[in-house]
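Q: Sending over a structure as structure tokens; questions will come in a sec.
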Amino acid sequence: MNSAAQQKLANQVVIITGASSGIGLATATAFHRAGARVVMSARDPGRLRQAAEPLRGSPGPDPLLLPCNVADRAQVDRLVAETIRHFGRVDILVNNAGIGMIAPLDATPPADAAALMATNFLGAFHCSQAVLPHMKERRAGHILNIASVAGLRGIPNSSLYSASKAALIAFSDAIRIELAPFGIRVSVLCPNRVKDTAFFNNAKRYGSLGLYHIRVTLTADAVAAAVLKTAIRPKPIVVIPFVSRAANTLNKFAPSLVDRFLARNMPKPGPVSPVRP
Ligand SMILES: NC(=O)c1ccc[n+]([C@@H]2O[C@H](COP(=O)([O-])OP(=O)(O)OC[C@H]3O[C@@H](n4cnc5c(N)ncnc54)[C@H](OP(=O)(O)O)[C@@H]3O)[C@@H](O)[C@H]2O)c1
């Protein structure tokens, strides 16, 4: 990152949800290195403390750790109020907390479906609504939502997950226009599969399904770098890596070709092979 970019992020107050692991932790680390004042949030306070340990005592203020379940509106309101009490403002909100589920439709438990939507979609809604009065008053702010390529193109056996991310993309598109007159920016990032996070190990899995057979190149650090780049130069939507941008374009013009690719690479029911992050 060049020094002009670094200057832009220095002292910015950034809330990152799901910051104890994977993309959220990489993003918190990258913002912290850039001199931002980082608020790290996730449900499990012990894991959050442990994850933030390497960031403590380094140059710049220690991250503020605020445990919060984004599915719970009262907890989200406390997260935002405590951030403002501590740092005086919120400049950037990264809605990253998310969970996965790999399940054919007939094996998808309704309670899990509701829990997934409550975290992946309503979590971002809660956090965005909670920072809104403050950002509107300051006529400034940037909301960055971490969706997925699965929201651009539904993935079989991940229908609920895909729907939660499609909802997040549509939500981002809508509020980007709605909030622009108040000086608030909204971006949505759609990464493809990331190879070094706990996501697939933590994902609920039903129907003995493995993962798609695709080449995975993206790292949590690469997604974090894209988040920072977008925070510096806001863009409506960011799809990474390049091959996913190409696939997204192909899907718009020849969706049945993408259907065939997905059907061919779809894992068949059978013994679940261990998933390595
Ligand atoms: N990994 C991928 O291939 C991939 C690809 C595209 C998009 N994404 C998206 O990227 C985001 C981060 O995924 P990741 O791969 O970094 O996963 P991860 O390593 O499993 O991290 C998930 C983080 O979210 C937190 N979290 C989960 N449920 C929460 C809740 N209800 N409230 C608050 N925090 C919660 C977890 O901590 P606690 O459990 O302690 O709460 C953890 O810090 C997700 O939104 C995911 O959908 C991932």
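Note on naming: chains are A, B, ... as they come in the structure tokens, residues start from 1 per chain, ligands start from 1 in the order shown.
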Wanna dump the chain A-ligand 1 contacts at 7 Å for me, each residue with its shortest atom pair and the distance in Å to one decimal, counting only C-alpha atoms and all ligand atoms, ordered by chain and number, as JSON lines?
A:
```
{"residue": "A:Thr17", "atom": "CA", "partner": "ligand 1", "partner_atom_place_in_ligand_line": "34 (N)", "distance": 5.8}
{"residue": "A:Gly18", "atom": "CA", "partner": "ligand 1", "partner_atom_place_in_ligand_line": "24 (O)", "distance": 3.3}
{"residue": "A:Ala19", "atom": "CA", "partner": "ligand 1", "partner_atom_place_in_ligand_line": "43 (O)", "distance": 4.6}
{"residue": "A:Ser20", "atom": "CA", "partner": "ligand 1", "partner_atom_place_in_ligand_line": "43 (O)", "distance": 3.8}
{"residue": "A:Ser21", "atom": "CA", "partner": "ligand 1", "partner_atom_place_in_ligand_line": "43 (O)", "distance": 4.3}
{"residue": "A:Gly22", "atom": "CA", "partner": "ligand 1", "partner_atom_place_in_ligand_line": "16 (O)", "distance": 3.4}
{"residue": "A:Ile23", "atom": "CA", "partner": "ligand 1", "partner_atom_place_in_ligand_line": "16 (O)", "distance": 3.8}
{"residue": "A:Gly24", "atom": "CA", "partner": "ligand 1", "partner_atom_place_in_ligand_line": "16 (O)", "distance": 5.5}
{"residue": "A:Ser41", "atom": "CA", "partner": "ligand 1", "partner_atom_place_in_ligand_line": "34 (N)", "distance": 6.7}
{"residue": "A:Ala42", "atom": "CA", "partner": "ligand 1", "partner_atom_place_in_ligand_line": "34 (N)", "distance": 3.8}
{"residue": "A:Arg43", "atom": "CA", "partner": "ligand 1", "partner_atom_place_in_ligand_line": "41 (O)", "distance": 3.5}
{"residue": "A:Asp44", "atom": "CA", "partner": "ligand 1", "partner_atom_place_in_ligand_line": "40 (O)", "distance": 3.7}
{"residue": "A:Pro45", "atom": "CA", "partner": "ligand 1", "partner_atom_place_in_ligand_line": "40 (O)", "distance": 7.0}
{"residue": "A:Arg47", "atom": "CA", "partner": "ligand 1", "partner_atom_place_in_ligand_line": "40 (O)", "distance": 6.3}
{"residue": "A:Leu48", "atom": "CA", "partner": "ligand 1", "partner_atom_place_in_ligand_line": "40 (O)", "distance": 6.8}
{"residue": "A:Cys68", "atom": "CA", "partner": "ligand 1", "partner_atom_place_in_ligand_line": "33 (C)", "distance": 5.6}
{"residue": "A:Asn69", "atom": "CA", "partner": "ligand 1", "partner_atom_place_in_ligand_line": "32 (N)", "distance": 3.5}
{"residue": "A:Val70", "atom": "CA", "partner": "ligand 1", "partner_atom_place_in_ligand_line": "32 (N)", "distance": 4.1}
{"residue": "A:Ala71", "atom": "CA", "partner": "ligand 1", "partner_atom_place_in_ligand_line": "31 (N)", "distance": 5.2}
{"residue": "A:Asn96", "atom": "CA", "partner": "ligand 1", "partner_atom_place_in_ligand_line": "45 (O)", "distance": 4.7}
{"residue": "A:Ala97", "atom": "CA", "partner": "ligand 1", "partner_atom_place_in_ligand_line": "24 (O)", "distance": 3.8}
{"residue": "A:Gly98", "atom": "CA", "partner": "ligand 1", "partner_atom_place_in_ligand_line": "45 (O)", "distance": 3.4}
{"residue": "A:Ile99", "atom": "CA", "partner": "ligand 1", "partner_atom_place_in_ligand_line": "27 (C)", "distance": 5.5}
{"residue": "A:Gly100", "atom": "CA", "partner": "ligand 1", "partner_atom_place_in_ligand_line": "47 (O)", "distance": 6.3}
{"residue": "A:Thr119", "atom": "CA", "partner": "ligand 1", "partner_atom_place_in_ligand_line": "31 (N)", "distance": 4.7}
{"residue": "A:Asn120", "atom": "CA", "partner": "ligand 1", "partner_atom_place_in_ligand_line": "45 (O)", "distance": 6.2}
{"residue": "A:Ile146", "atom": "CA", "partner": "ligand 1", "partner_atom_place_in_ligand_line": "45 (O)", "distance": 5.6}
{"residue": "A:Ala147", "atom": "CA", "partner": "ligand 1", "partner_atom_place_in_ligand_line": "7 (C)", "distance": 5.5}
{"residue": "A:Ser148", "atom": "CA", "partner": "ligand 1", "partner_atom_place_in_ligand_line": "6 (C)", "distance": 4.2}
{"residue": "A:Val149", "atom": "CA", "partner": "ligand 1", "partner_atom_place_in_ligand_line": "6 (C)", "distance": 6.6}
{"residue": "A:Cys190", "atom": "CA", "partner": "ligand 1", "partner_atom_place_in_ligand_line": "6 (C)", "distance": 6.3}
{"residue": "A:Pro191", "atom": "CA", "partner": "ligand 1", "partner_atom_place_in_ligand_line": "6 (C)", "distance": 4.5}
{"residue": "A:Asn192", "atom": "CA", "partner": "ligand 1", "partner_atom_place_in_ligand_line": "5 (C)", "distance": 5.0}
{"residue": "A:Arg193", "atom": "CA", "partner": "ligand 1", "partner_atom_place_in_ligand_line": "3 (O)", "distance": 3.3}
{"residue": "A:Val194", "atom": "CA", "partner": "ligand 1", "partner_atom_place_in_ligand_line": "3 (O)", "distance": 3.7}
{"residue": "A:Lys195", "atom": "CA", "partner": "ligand 1", "partner_atom_place_in_ligand_line": "3 (O)", "distance": 6.4}
{"residue": "A:Thr197", "atom": "CA", "partner": "ligand 1", "partner_atom_place_in_ligand_line": "19 (O)", "distance": 4.2}
{"residue": "A:Ala198", "atom": "CA", "partner": "ligand 1", "partner_atom_place_in_ligand_line": "19 (O)", "distance": 3.9}
{"residue": "A:Phe199", "atom": "CA", "partner": "ligand 1", "partner_atom_place_in_ligand_line": "20 (O)", "distance": 3.5}
{"residue": "A:Phe200", "atom": "CA", "partner": "ligand 1", "partner_atom_place_in_ligand_line": "1 (N)", "distance": 6.7}
{"residue": "A:Asn202", "atom": "CA", "partner": "ligand 1", "partner_atom_place_in_ligand_line": "20 (O)", "distance": 6.0}
{"residue": "A:Ala220", "atom": "CA", "partner": "ligand 1", "partner_atom_place_in_ligand_line": "16 (O)", "distance": 6.9}
```
Q: For C-alpha atoms, I'd like the residues from the last selection saved as a PDB file, in the first residue's frame.
A:
```
ATOM      1  CA  THR A  17     -17.806  -8.216  12.279  1.00  0.00           C
ATOM      2  CA  GLY A  18     -16.637 -11.824  12.234  1.00  0.00           C
ATOM      3  CA  ALA A  19     -13.130 -10.564  13.009  1.00  0.00           C
ATOM      4  CA  SER A  20     -11.865 -13.540  15.027  1.00  0.00           C
ATOM      5  CA  SER A  21     -11.081 -15.727  12.026  1.00  0.00           C
ATOM      6  CA  GLY A  22     -10.399 -15.904   8.294  1.00  0.00           C
ATOM      7  CA  ILE A  23     -11.300 -12.914   6.126  1.00  0.00           C
ATOM      8  CA  GLY A  24     -12.429 -10.777   9.086  1.00  0.00           C
ATOM      9  CA  SER A  41     -16.241  -8.252  16.855  1.00  0.00           C
ATOM     10  CA  ALA A  42     -17.422 -11.905  16.864  1.00  0.00           C
ATOM     11  CA  ARG A  43     -19.547 -14.065  19.169  1.00  0.00           C
ATOM     12  CA  ASP A  44     -16.922 -16.024  21.082  1.00  0.00           C
ATOM     13  CA  PRO A  45     -14.998 -13.622  23.386  1.00  0.00           C
ATOM     14  CA  ARG A  47     -11.431 -16.685  20.391  1.00  0.00           C
ATOM     15  CA  LEU A  48     -11.714 -12.963  19.720  1.00  0.00           C
ATOM     16  CA  CYS A  68     -21.514  -9.467  19.534  1.00  0.00           C
ATOM     17  CA  ASN A  69     -23.900 -11.803  17.740  1.00  0.00           C
ATOM     18  CA  VAL A  70     -24.975  -9.875  14.634  1.00  0.00           C
ATOM     19  CA  ALA A  71     -28.238 -11.816  14.525  1.00  0.00           C
ATOM     20  CA  ASN A  96     -18.242  -9.797   7.243  1.00  0.00           C
ATOM     21  CA  ALA A  97     -19.741 -12.210   9.825  1.00  0.00           C
ATOM     22  CA  GLY A  98     -21.122 -15.214   8.030  1.00  0.00           C
ATOM     23  CA  ILE A  99     -21.742 -18.938   8.217  1.00  0.00           C
ATOM     24  CA  GLY A 100     -22.042 -21.634   5.583  1.00  0.00           C
ATOM     25  CA  THR A 119     -26.530 -14.087  10.433  1.00  0.00           C
ATOM     26  CA  ASN A 120     -25.592 -13.659   6.772  1.00  0.00           C
ATOM     27  CA  ILE A 146     -18.810  -9.289   2.251  1.00  0.00           C
ATOM     28  CA  ALA A 147     -21.111 -11.350   0.023  1.00  0.00           C
ATOM     29  CA  SER A 148     -19.877 -14.128  -2.278  1.00  0.00           C
ATOM     30  CA  VAL A 149     -19.876 -15.275  -5.897  1.00  0.00           C
ATOM     31  CA  CYS A 190     -18.029 -11.093  -3.888  1.00  0.00           C
ATOM     32  CA  PRO A 191     -15.064 -13.401  -3.365  1.00  0.00           C
ATOM     33  CA  ASN A 192     -14.889 -16.913  -4.742  1.00  0.00           C
ATOM     34  CA  ARG A 193     -13.831 -19.750  -2.420  1.00  0.00           C
ATOM     35  CA  VAL A 194     -11.014 -18.865  -0.048  1.00  0.00           C
ATOM     36  CA  LYS A 195      -8.498 -21.546   0.810  1.00  0.00           C
ATOM     37  CA  THR A 197     -10.280 -19.903   6.504  1.00  0.00           C
ATOM     38  CA  ALA A 198     -12.339 -22.016   8.919  1.00  0.00           C
ATOM     39  CA  PHE A 199     -15.490 -21.409   6.889  1.00  0.00           C
ATOM     40  CA  PHE A 200     -15.999 -24.857   5.328  1.00  0.00           C
ATOM     41  CA  ASN A 202     -17.600 -24.719  10.438  1.00  0.00           C
ATOM     42  CA  ALA A 220      -7.987 -14.346   3.218  1.00  0.00           C
TER      43      ALA A 220
END
```
Q: List as number ranges by chain the protein and nucleic acid residues near Tyr161 (chain A), meaning an atom at most 12 Å away when only C-alpha atoms are counted, but skip any in the same chain fewer than 6 places from it.
A: A: 98-105, 108, 112-121, 147-155, 167-168, 203-205
Q: For region 157-212 of chain A against region 122-140 of chain A, with a cut-off of 7 Å and counting only C-alpha atoms, what is the closest atom pair and its distance in Å to one decimal for every residue that makes the cut, ordered by chain and number, as JSON lines?
A:
```
{"residue": "A:Phe182", "atom": "CA", "partner": "A:Arg139", "partner_atom": "CA", "distance": 5.1}
{"residue": "A:Gly183", "atom": "CA", "partner": "A:Arg139", "partner_atom": "CA", "distance": 4.9}
{"residue": "A:Ile184", "atom": "CA", "partner": "A:Ala140", "partner_atom": "CA", "distance": 5.1}
```
Q: Just checking: using only C-alpha atoms, which residue out of A:Asn265, A:Gln7, A:Thr27, A:Ser164 ends up closest to Val223 (chain A)?
A: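 The answer is A:Thr27, which sits nearest to Val223 (chain A).
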Q: How would you write, as a list of chain:residue names, the set of residues in region 20-202 of chain A that DSSP gives as strand (DSSP E)?
A: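 The strand (DSSP E) subset of region 20-202 of chain A is A:Arg37, A:Val38, A:Val39, A:Met40, A:Ser41, A:Leu64, A:Leu65, A:Ile92, A:Leu93, A:Val94, A:Asn95, A:Met101, A:Ile102, A:Gly141, A:His142, A:Ile143, A:Leu144, A:Asn145, A:Ile146, A:Ile184, A:Arg185, A:Val186, A:Ser187, A:Val188, A:Leu189, A:Cys190, A:Pro191.
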Q: With C-alpha atoms retained, write the just-selected residues as a compact mmCIF listing (two decimals), in the first residue's frame.
A:
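Output file selection10.txt is given in full below:
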```
# COMPACT_ATOMS: atom_id res chain seq x y z
CA ARG A 37 -8.62 2.29 14.82
CA VAL A 38 -10.05 -1.16 14.64
CA VAL A 39 -13.08 -2.60 16.43
CA MET A 40 -13.01 -6.39 16.25
CA SER A 41 -16.24 -8.25 16.86
CA LEU A 64 -11.18 -2.64 20.72
CA LEU A 65 -12.74 -6.07 21.23
CA ILE A 92 -16.22 2.27 8.10
CA LEU A 93 -18.41 -0.78 8.78
CA VAL A 94 -17.31 -4.14 7.34
CA ASN A 95 -20.23 -6.59 7.45
CA MET A 101 -24.31 -24.58 4.89
CA ILE A 102 -23.90 -27.34 2.33
CA GLY A 141 -19.29 6.74 6.19
CA HIS A 142 -18.66 3.61 4.16
CA ILE A 143 -20.45 0.27 4.53
CA LEU A 144 -18.65 -2.70 2.96
CA ASN A 145 -20.57 -5.95 2.74
CA ILE A 146 -18.81 -9.29 2.25
CA ILE A 184 -22.59 7.38 2.81
CA ARG A 185 -20.90 4.92 0.44
CA VAL A 186 -21.91 1.28 0.09
CA SER A 187 -19.82 -1.46 -1.54
CA VAL A 188 -20.31 -5.19 -1.84
CA LEU A 189 -17.49 -7.68 -2.31
CA CYS A 190 -18.03 -11.09 -3.89
CA PRO A 191 -15.06 -13.40 -3.36
```
Q: My list of candidates is A:Ile177, A:Ile84, A:Met266, A:Val239. Which is closest to Ser158 (chain A) when distances are computed with only C-alpha atoms?
A: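 Using only C-alpha atoms, the shortest distance to Ser158 (chain A) belongs to A:Met266.
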Q: Residues near Phe87 (chain A), anyone? I mean within 12 Å using only C-alpha atoms, not counting same-chain ones fewer than 3 positions away, as a ChimeraX atom specification.
A: /A:11-15,36-39,61-64,80-84,90-91
Q: Write a file of the just-selected residues containing N, CA and C atoms, as a PDB file, in the first residue's frame.
A:
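What landed in part_8.pdb:
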```pdb
ATOM      1  N   ASN A  11      -6.186   6.452  11.328  1.00  0.00           N
ATOM      2  CA  ASN A  11      -7.147   6.960  12.315  1.00  0.00           C
ATOM      3  C   ASN A  11      -8.619   6.768  11.952  1.00  0.00           C
ATOM      4  N   GLN A  12      -8.888   6.128  10.832  1.00  0.00           N
ATOM      5  CA  GLN A  12     -10.284   5.810  10.503  1.00  0.00           C
ATOM      6  C   GLN A  12     -10.796   4.792  11.523  1.00  0.00           C
ATOM      7  N   VAL A  13     -12.024   4.964  11.965  1.00  0.00           N
ATOM      8  CA  VAL A  13     -12.603   4.011  12.926  1.00  0.00           C
ATOM      9  C   VAL A  13     -13.387   2.961  12.140  1.00  0.00           C
ATOM     10  N   VAL A  14     -12.934   1.714  12.255  1.00  0.00           N
ATOM     11  CA  VAL A  14     -13.472   0.629  11.416  1.00  0.00           C
ATOM     12  C   VAL A  14     -14.042  -0.475  12.302  1.00  0.00           C
ATOM     13  N   ILE A  15     -15.323  -0.783  12.129  1.00  0.00           N
ATOM     14  CA  ILE A  15     -15.917  -1.951  12.802  1.00  0.00           C
ATOM     15  C   ILE A  15     -15.867  -3.123  11.821  1.00  0.00           C
ATOM     16  N   ALA A  36      -5.436   2.333  11.099  1.00  0.00           N
ATOM     17  CA  ALA A  36      -6.844   2.570  11.468  1.00  0.00           C
ATOM     18  C   ALA A  36      -7.091   2.176  12.919  1.00  0.00           C
ATOM     19  N   ARG A  37      -8.174   2.704  13.476  1.00  0.00           N
ATOM     20  CA  ARG A  37      -8.622   2.294  14.823  1.00  0.00           C
ATOM     21  C   ARG A  37      -9.659   1.205  14.618  1.00  0.00           C
ATOM     22  N   VAL A  38      -9.274   0.016  15.031  1.00  0.00           N
ATOM     23  CA  VAL A  38     -10.046  -1.156  14.641  1.00  0.00           C
ATOM     24  C   VAL A  38     -10.906  -1.668  15.792  1.00  0.00           C
ATOM     25  N   VAL A  39     -12.180  -1.930  15.476  1.00  0.00           N
ATOM     26  CA  VAL A  39     -13.076  -2.595  16.426  1.00  0.00           C
ATOM     27  C   VAL A  39     -13.316  -3.998  15.896  1.00  0.00           C
ATOM     28  N   PRO A  61      -3.185   2.311  18.053  1.00  0.00           N
ATOM     29  CA  PRO A  61      -4.007   1.902  19.200  1.00  0.00           C
ATOM     30  C   PRO A  61      -4.363   0.425  19.150  1.00  0.00           C
ATOM     31  N   ASP A  62      -4.417  -0.213  20.318  1.00  0.00           N
ATOM     32  CA  ASP A  62      -4.841  -1.614  20.370  1.00  0.00           C
ATOM     33  C   ASP A  62      -6.258  -1.712  19.834  1.00  0.00           C
ATOM     34  N   PRO A  63      -6.581  -2.829  19.193  1.00  0.00           N
ATOM     35  CA  PRO A  63      -7.968  -2.973  18.730  1.00  0.00           C
ATOM     36  C   PRO A  63      -8.931  -3.044  19.910  1.00  0.00           C
ATOM     37  N   LEU A  64     -10.130  -2.537  19.697  1.00  0.00           N
ATOM     38  CA  LEU A  64     -11.183  -2.641  20.718  1.00  0.00           C
ATOM     39  C   LEU A  64     -11.957  -3.929  20.418  1.00  0.00           C
ATOM     40  N   VAL A  80     -22.367  -0.769  18.372  1.00  0.00           N
ATOM     41  CA  VAL A  80     -22.205   0.545  17.742  1.00  0.00           C
ATOM     42  C   VAL A  80     -22.083   1.643  18.815  1.00  0.00           C
ATOM     43  N   ALA A  81     -22.927   1.559  19.845  1.00  0.00           N
ATOM     44  CA  ALA A  81     -22.897   2.590  20.909  1.00  0.00           C
ATOM     45  C   ALA A  81     -21.549   2.571  21.630  1.00  0.00           C
ATOM     46  N   GLU A  82     -21.030   1.376  21.903  1.00  0.00           N
ATOM     47  CA  GLU A  82     -19.753   1.256  22.620  1.00  0.00           C
ATOM     48  C   GLU A  82     -18.596   1.765  21.756  1.00  0.00           C
ATOM     49  N   THR A  83     -18.666   1.510  20.442  1.00  0.00           N
ATOM     50  CA  THR A  83     -17.630   2.013  19.517  1.00  0.00           C
ATOM     51  C   THR A  83     -17.612   3.544  19.539  1.00  0.00           C
ATOM     52  N   ILE A  84     -18.797   4.143  19.470  1.00  0.00           N
ATOM     53  CA  ILE A  84     -18.878   5.617  19.428  1.00  0.00           C
ATOM     54  C   ILE A  84     -18.420   6.188  20.772  1.00  0.00           C
ATOM     55  N   VAL A  90     -17.840   6.277  13.898  1.00  0.00           N
ATOM     56  CA  VAL A  90     -17.631   5.092  13.041  1.00  0.00           C
ATOM     57  C   VAL A  90     -17.465   5.610  11.622  1.00  0.00           C
ATOM     58  N   ASP A  91     -16.310   5.327  11.006  1.00  0.00           N
ATOM     59  CA  ASP A  91     -16.092   5.732   9.617  1.00  0.00           C
ATOM     60  C   ASP A  91     -16.441   4.620   8.643  1.00  0.00           C
TER      61      ASP A  91
END
```
Q: Expressed in Å to a single decimal, how great is the separation between CA of Ala222 (chain A) and CA of Asp196 (chain A)?
A: 10.7 Å
Q: A:Pro255, A:Arg85, A:Val216, A:Leu262: which is nearest Pro241 (chain A), counting only C-alpha atoms?
A: A:Val216
Q: Just checking: using only C-alpha atoms, which residue out of A:Ala226, A:Ala34, A:Ala174, A:Val258 ends up closest to Gln6 (chain A)?
A: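 Comparing A:Ala226, A:Ala34, A:Ala174, A:Val258 against Gln6 (chain A), the winner is A:Ala34.
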Q: Mind pulling up the distance from CA of Ala26 (chain A) to CA of Asp221 (chain A)?
A: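 If I compute the distance from CA of Asp221 (chain A) to CA of Ala26 (chain A), I get 5.5 Å.
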Q: So the first atom is CA of Ala180 (chain A) and the second is CA of Thr230 (chain A); what is the distance between them in Å, to one decimal place?
A: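 Between these atoms lies a distance of 16.1 Å.
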